[in-house]
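Asks: Contents of my_file_9.txt (compact mmCIF, C-alpha atoms) are given next:
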```txt
# COMPACT_ATOMS: atom_id res chain seq x y z
CA MET A 1 0.00 0.00 0.00
CA ALA A 2 1.56 3.25 -1.07
CA ILE A 3 0.79 6.66 0.39
CA GLU A 4 2.47 9.56 -1.36
CA VAL A 5 3.83 12.13 1.10
CA ARG A 6 4.75 15.61 -0.16
CA ILE A 7 7.62 17.20 1.73
CA PRO A 8 8.10 20.98 2.07
CA THR A 9 11.43 22.56 1.13
CA ILE A 10 12.56 23.00 4.70
CA LEU A 11 12.23 19.27 5.50
CA ARG A 12 13.92 17.96 2.36
CA THR A 13 17.21 17.69 4.22
CA TYR A 14 15.69 14.54 5.75
CA THR A 15 14.77 13.04 2.38
CA ASP A 16 17.99 13.72 0.43
CA GLY A 17 16.23 16.54 -1.35
CA ALA A 18 13.19 14.55 -2.46
CA LYS A 19 9.92 16.55 -2.71
CA GLN A 20 7.88 13.41 -2.47
CA VAL A 21 8.41 10.11 -0.68
CA GLU A 22 6.29 7.02 -0.16
CA GLY A 23 5.09 5.50 3.07
CA THR A 24 2.86 2.68 4.18
CA GLY A 25 0.44 2.31 7.04
CA SER A 26 -3.26 2.33 7.70
CA THR A 27 -3.29 5.56 9.72
CA LEU A 28 -1.38 8.83 9.37
CA GLY A 29 0.56 7.98 12.54
CA GLU A 30 1.68 4.66 11.04
CA VAL A 31 2.74 6.33 7.80
CA LEU A 32 4.85 8.88 9.71
CA ALA A 33 6.47 6.11 11.73
CA ASP A 34 7.22 4.26 8.51
CA LEU A 35 8.74 7.38 6.95
CA ASP A 36 10.85 7.93 10.04
CA SER A 37 12.36 4.46 9.64
CA LYS A 38 13.61 5.45 6.19
CA HIS A 39 14.27 9.15 6.87
CA GLY A 40 15.42 9.36 10.46
CA GLY A 41 14.44 12.48 12.38
CA LEU A 42 11.60 13.48 10.06
CA ARG A 43 8.86 12.41 12.45
CA ASP A 44 10.20 14.58 15.29
CA ARG A 45 9.71 17.65 13.12
CA LEU A 46 6.04 16.80 12.75
CA VAL A 47 5.04 15.22 16.04
CA ASP A 48 5.66 15.98 19.69
CA ASP A 49 4.28 14.59 22.97
CA GLY A 50 0.93 16.22 22.30
CA GLY A 51 0.47 14.79 18.80
CA LEU A 52 0.93 16.78 15.60
CA ARG A 53 3.05 19.87 16.21
CA ARG A 54 1.16 23.12 16.50
CA PHE A 55 2.73 25.02 13.62
CA VAL A 56 2.97 22.18 11.13
CA ASN A 57 0.01 21.58 8.83
CA VAL A 58 -0.61 18.05 7.57
CA TYR A 59 -3.29 17.37 4.99
CA LEU A 60 -4.85 14.13 3.82
CA ASN A 61 -5.73 14.79 0.20
CA ASP A 62 -7.36 18.25 0.52
CA GLU A 63 -8.20 18.32 4.20
CA ASP A 64 -6.26 19.48 7.23
CA VAL A 65 -6.07 16.34 9.41
CA ARG A 66 -6.87 18.46 12.47
CA PHE A 67 -10.42 18.43 11.12
CA LEU A 68 -10.27 14.66 10.69
CA ALA A 69 -8.73 12.40 13.32
CA GLY A 70 -5.20 13.78 13.60
CA LEU A 71 -2.62 11.03 13.78
CA ASP A 72 -5.40 8.43 13.94
CA THR A 73 -6.81 9.49 10.56
CA PRO A 74 -7.18 6.38 8.42
CA VAL A 75 -5.35 6.42 5.11
CA LYS A 76 -5.73 4.17 2.07
CA ASP A 77 -3.76 3.24 -0.99
CA GLY A 78 -3.51 6.14 -3.40
CA ASP A 79 -4.00 8.86 -0.77
CA THR A 80 -1.70 11.85 -0.71
CA VAL A 81 -0.41 13.38 2.51
CA THR A 82 0.96 16.93 2.22
CA VAL A 83 3.07 18.65 4.87
CA LEU A 84 3.29 22.46 4.98
CA PRO A 85 4.91 24.41 7.79
CA ALA A 86 2.45 27.00 9.08
CA VAL A 87 3.14 30.55 8.04
CA ALA A 88 2.92 32.62 11.20
CA GLY A 89 4.63 35.25 13.27
CA GLY A 90 3.96 38.69 14.62
CA ALA A 91 5.20 41.44 16.82
CA SER A 92 4.62 39.50 20.02
CA MET B 93 18.02 42.69 -2.65
CA LEU B 94 14.29 42.62 -3.19
CA ALA B 95 13.22 44.04 -6.56
CA ILE B 96 9.48 44.68 -6.41
CA PRO B 97 7.12 46.27 -8.92
CA LYS B 98 5.53 49.45 -7.59
CA ASP B 99 1.98 48.18 -7.97
CA LEU B 100 2.73 45.18 -5.74
CA TYR B 101 4.49 47.41 -3.20
CA ASP B 102 1.42 49.68 -3.12
CA LYS B 103 -0.94 46.72 -2.71
CA ILE B 104 0.98 45.40 0.28
CA VAL B 105 0.99 48.80 1.98
CA ALA B 106 -2.74 49.28 1.24
CA HIS B 107 -3.50 45.85 2.69
CA ALA B 108 -1.55 46.62 5.86
CA ARG B 109 -3.36 49.96 6.27
CA ALA B 110 -6.76 48.37 5.64
CA ASP B 111 -6.28 45.69 8.30
CA HIS B 112 -4.71 48.00 10.90
CA PRO B 113 -4.81 47.57 13.90
CA ASP B 114 -4.74 43.82 13.15
CA GLU B 115 -1.67 42.43 11.47
CA ALA B 116 -2.08 41.87 7.72
CA CYS B 117 -0.33 39.02 5.92
CA GLY B 118 0.09 37.51 2.49
CA VAL B 119 2.28 36.27 -0.31
CA LEU B 120 3.72 37.49 -3.58
CA ALA B 121 4.05 34.53 -5.93
CA GLY B 122 6.41 34.41 -8.90
CA ARG B 123 7.67 31.88 -11.42
CA ALA B 124 9.89 29.31 -9.71
CA GLY B 125 13.58 30.11 -9.80
CA ARG B 126 13.22 33.67 -11.09
CA ASP B 127 13.15 35.58 -7.78
CA ARG B 128 10.64 38.04 -9.27
CA PRO B 129 7.41 38.77 -7.43
CA GLU B 130 4.48 38.85 -9.86
CA ARG B 131 1.19 37.91 -8.25
CA PHE B 132 -0.36 39.48 -5.14
CA ILE B 133 -2.09 37.03 -2.80
CA PRO B 134 -3.44 38.65 0.38
CA MET B 135 -4.21 36.01 3.00
CA LEU B 136 -6.66 35.93 5.87
CA ASN B 137 -4.97 36.40 9.23
CA ALA B 138 -6.66 33.52 11.04
CA ALA B 139 -5.38 34.89 14.36
CA ARG B 140 -7.01 38.31 13.67
CA SER B 141 -4.69 39.85 16.21
CA PRO B 142 -2.80 43.11 16.54
CA THR B 143 0.32 41.18 17.53
CA PHE B 144 0.15 37.81 15.79
CA TYR B 145 -0.62 36.43 12.36
CA GLU B 146 -1.18 32.97 11.00
CA PHE B 147 -2.35 31.82 7.59
CA ASP B 148 -5.57 29.80 7.67
CA SER B 149 -4.40 26.22 7.06
CA THR B 150 -7.01 25.37 4.43
CA GLU B 151 -6.42 28.61 2.53
CA GLN B 152 -2.67 28.01 2.71
CA PHE B 153 -3.11 24.54 1.21
CA ARG B 154 -5.16 25.93 -1.66
CA VAL B 155 -2.69 28.74 -2.39
CA TRP B 156 0.37 26.49 -2.17
CA ARG B 157 -1.20 23.92 -4.44
CA GLU B 158 -2.19 26.59 -6.93
CA MET B 159 1.39 27.93 -6.96
CA ASP B 160 2.66 24.41 -7.53
CA GLU B 161 0.29 23.93 -10.48
CA ARG B 162 1.41 27.25 -11.97
CA ASP B 163 5.10 26.45 -11.42
CA GLU B 164 5.35 29.33 -8.97
CA GLU B 165 6.86 29.69 -5.55
CA PRO B 166 6.33 32.14 -2.68
CA VAL B 167 8.85 34.89 -3.52
CA VAL B 168 7.70 37.25 -0.77
CA ILE B 169 5.93 36.48 2.48
CA TYR B 170 4.74 39.74 4.03
CA HIS B 171 3.08 40.81 7.22
CA SER B 172 2.61 44.00 9.18
CA HIS B 173 3.45 45.16 12.68
CA THR B 174 0.91 47.65 13.88
CA ALA B 175 2.64 49.24 16.87
CA THR B 176 6.28 48.28 16.55
CA GLU B 177 9.03 48.61 14.00
CA ALA B 178 9.21 46.73 10.71
CA TYR B 179 11.82 44.32 12.01
CA PRO B 180 11.43 40.54 12.50
CA SER B 181 10.53 39.56 16.06
CA ARG B 182 11.69 36.34 17.73
CA THR B 183 8.36 34.79 16.72
CA ASP B 184 8.86 35.86 13.11
CA ILE B 185 12.29 34.24 13.11
CA SER B 186 11.08 30.99 14.71
CA TYR B 187 8.34 30.48 12.17
CA ALA B 188 10.22 31.53 9.03
CA ASN B 189 10.07 28.20 7.21
CA GLU B 190 10.43 29.18 3.55
CA PRO B 191 14.18 29.57 3.16
CA GLY B 192 13.89 30.90 -0.40
CA ALA B 193 11.45 33.70 0.40
CA HIS B 194 12.03 37.38 1.07
CA TYR B 195 10.32 38.24 4.35
CA VAL B 196 8.76 41.70 4.05
CA LEU B 197 7.69 43.64 7.09
CA VAL B 198 5.50 46.70 6.98
CA SER B 199 4.90 48.85 10.02
CA THR B 200 1.66 50.81 10.28
CA ARG B 201 2.48 52.41 13.61
CA GLU B 202 2.58 55.90 12.00
CA PRO B 203 -0.67 56.98 10.36
CA ALA B 204 0.95 59.11 7.67
CA SER B 205 3.71 56.79 6.50
CA ALA B 206 4.50 53.10 6.23
CA GLU B 207 7.86 51.49 6.88
CA PHE B 208 8.55 48.73 4.33
CA ARG B 209 11.64 46.58 4.85
CA SER B 210 12.79 43.22 3.56
CA TYR B 211 14.84 40.41 5.08
CA ARG B 212 16.21 36.97 4.46
CA ILE B 213 15.65 34.63 7.40
CA ARG B 214 17.62 31.39 7.18
CA ALA B 215 18.48 28.98 9.96
CA GLY B 216 17.45 31.51 12.58
CA GLU B 217 19.61 34.30 11.12
CA VAL B 218 18.13 37.57 9.91
CA SER B 219 19.79 39.69 7.28
CA GLU B 220 18.19 42.87 6.02
CA GLU B 221 18.36 43.63 2.32
CA PRO B 222 17.70 46.72 0.23
CA VAL B 223 14.30 47.14 -1.40
CA ASN B 224 14.27 48.33 -5.00
CA VAL B 225 10.80 49.54 -6.03
CA VAL B 226 10.59 49.24 -9.79
CA GLU B 227 8.25 51.46 -11.82
```
If you took the structure in this file and wrote it as structure tokens, what would it be?

Replies:
Amino acid sequence: MAIEVRIPTILRTYTDGAKQVEGTGSTLGEVLADLDSKHGGLRDRLVDDGGLRRFVNVYLNDEDVRFLAGLDTPVKDGDTVTVLPAVAGGAS
Amino acid sequence: MLAIPKDLYDKIVAHARADHPDEACGVLAGRAGRDRPERFIPMLNAARSPTFYEFDSTEQFRVWREMDERDEEPVVIYHSHTATEAYPSRTDISYANEPGAHYVLVSTREPASAEFRSYRIRAGEVSEEPVNVVE
């Protein structure tokens, strides 16, 4: 089962420059664990003790997984996961 | 250096003024690899705050995907400070995750003028660059 995962520029140091990698698993959490076994350290940039990191956006196809089931979101063959660092900041 | 067409410069300043006292934010997209801003994309500030901004995650996905389809990249990421100077804060530096972008800051703290400055932010380091407004 192949899930395509799109990697933002800033995380491509973990994937030898690849914009897209493949993972397997039946939930988002499993796919990230699988990716981490091939691209060590990648998962820590996306997940902390509380689940998905606050300023990292992860989408399953077109939807932000925060509106689905987070790391427990089921995934199926042919799905695309996209990672985008949040764009944020401010004077404070 | 940031070379920016005058009409895009004016649109950014107008957006910052319109959203004052909340911070305004957005993107200038341009063809990938050319370092030329071409397309103005104002974004919703989902935080709607006078001291913080954040792109709405669903809108960001749509805009990033559209840029990808058009072979564009975010050339400029801009936002405004409404009571402080147009210089990146610690928060701005922590969340600067597009290493290829010019980070533009506009300050609307003075009603009669706007400060418009541009920076590169890479690996936590800020370096200011000159802004060349092109007619």

Asks: Need to verify the contact set: Tyr145 of chain B, 6 Å, all atoms listed in the file, exclusion of same-chain residues closer than 4 positions in sequence. Can you return it as a PDB file with C-alpha atoms, keeping the file's coordinate frame?

Replies:
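And here's result14.pdb as it stands now:
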```pdb
ATOM      1  CA  ALA A  88       2.920  32.620  11.200  1.00  0.00           C
ATOM      2  CA  GLY A  89       4.630  35.250  13.270  1.00  0.00           C
ATOM      3  CA  GLY A  90       3.960  38.690  14.620  1.00  0.00           C
TER       4      GLY A  90
ATOM      5  CA  ASN B 137      -4.970  36.400   9.230  1.00  0.00           C
ATOM      6  CA  ALA B 139      -5.380  34.890  14.360  1.00  0.00           C
TER       7      ALA B 139
END
```

Asks: Counting all atoms listed in the file, what are the residues of chain B within 9 Å of chain A, and for each of them which pair of atoms is the nearest and at what distance in Å, to one decimal? Sort the table by chain and rising number, as CSV.

Replies:
```
residue,atom,partner,partner_atom,distance
B:Glu115,CA,A:Gly90,CA,7.5
B:Cys117,CA,A:Ala88,CA,8.9
B:Asn137,CA,A:Ala88,CA,9.0
B:Ser141,CA,A:Gly90,CA,8.9
B:Pro142,CA,A:Ala91,CA,8.2
B:Thr143,CA,A:Ala91,CA,4.9
B:Phe144,CA,A:Gly90,CA,4.1
B:Tyr145,CA,A:Ala88,CA,5.3
B:Glu146,CA,A:Ala88,CA,4.1
B:Phe147,CA,A:Val87,CA,5.7
B:Asp148,CA,A:Ala86,CA,8.6
B:Ser149,CA,A:Asn57,CA,6.6
B:Thr150,CA,A:Asp64,CA,6.6
B:Gln152,CA,A:Ala86,CA,8.2
B:Phe153,CA,A:Asp62,CA,7.6
B:Arg154,CA,A:Asp62,CA,8.3
B:Trp156,CA,A:Leu84,CA,8.7
B:Ile169,CA,A:Val87,CA,8.6
B:His171,CA,A:Gly90,CA,7.7
B:Ser172,CA,A:Gly90,CA,7.7
B:His173,CA,A:Ala91,CA,5.8
B:Thr174,CA,A:Ala91,CA,8.1
B:Ala175,CA,A:Ala91,CA,8.2
B:Thr176,CA,A:Ala91,CA,6.9
B:Glu177,CA,A:Ala91,CA,8.6
B:Tyr179,CA,A:Ala91,CA,8.7
B:Pro180,CA,A:Ala91,CA,7.6
B:Ser181,CA,A:Ala91,CA,5.7
B:Arg182,CA,A:Ser92,CA,8.1
B:Thr183,CA,A:Gly89,CA,5.1
B:Asp184,CA,A:Gly89,CA,4.3
B:Ile185,CA,A:Gly89,CA,7.7
B:Ser186,CA,A:Gly89,CA,7.9
B:Tyr187,CA,A:Ala88,CA,5.9
B:Ala188,CA,A:Val87,CA,7.2
B:Asn189,CA,A:Ile10,CA,6.3
B:Glu190,CA,A:Ile10,CA,6.6
B:Pro191,CA,A:Ile10,CA,6.9
B:Gly192,CA,A:Thr9,CA,8.8
```

Asks: Could you check how far atom CA of Val31 of chain A sits from atom CA of Glu158 of chain B, in Å to one decimal?

Replies: 25.5 Å

Asks: Give the centre and edge lengths of an axis-aligned box, in Å to one decimal, that holds all listed atoms of segment 12-16 of chain A with 4 Å on each side, as AutoDock Vina command-line options.

Replies:
```
--center_x 16.0 --center_y 15.5 --center_z 3.1 --size_x 12.1 --size_y 12.9 --size_z 13.3
```

Asks: What lies within 12 Å of segment 98-111 of chain B using all atoms listed in the file, ignoring chain neighbours under 5 positions off, as a PyMOL selection string?

Replies: chain B and resi 116-122+128-137+140-142+145+168-174+178+196-210+223-227
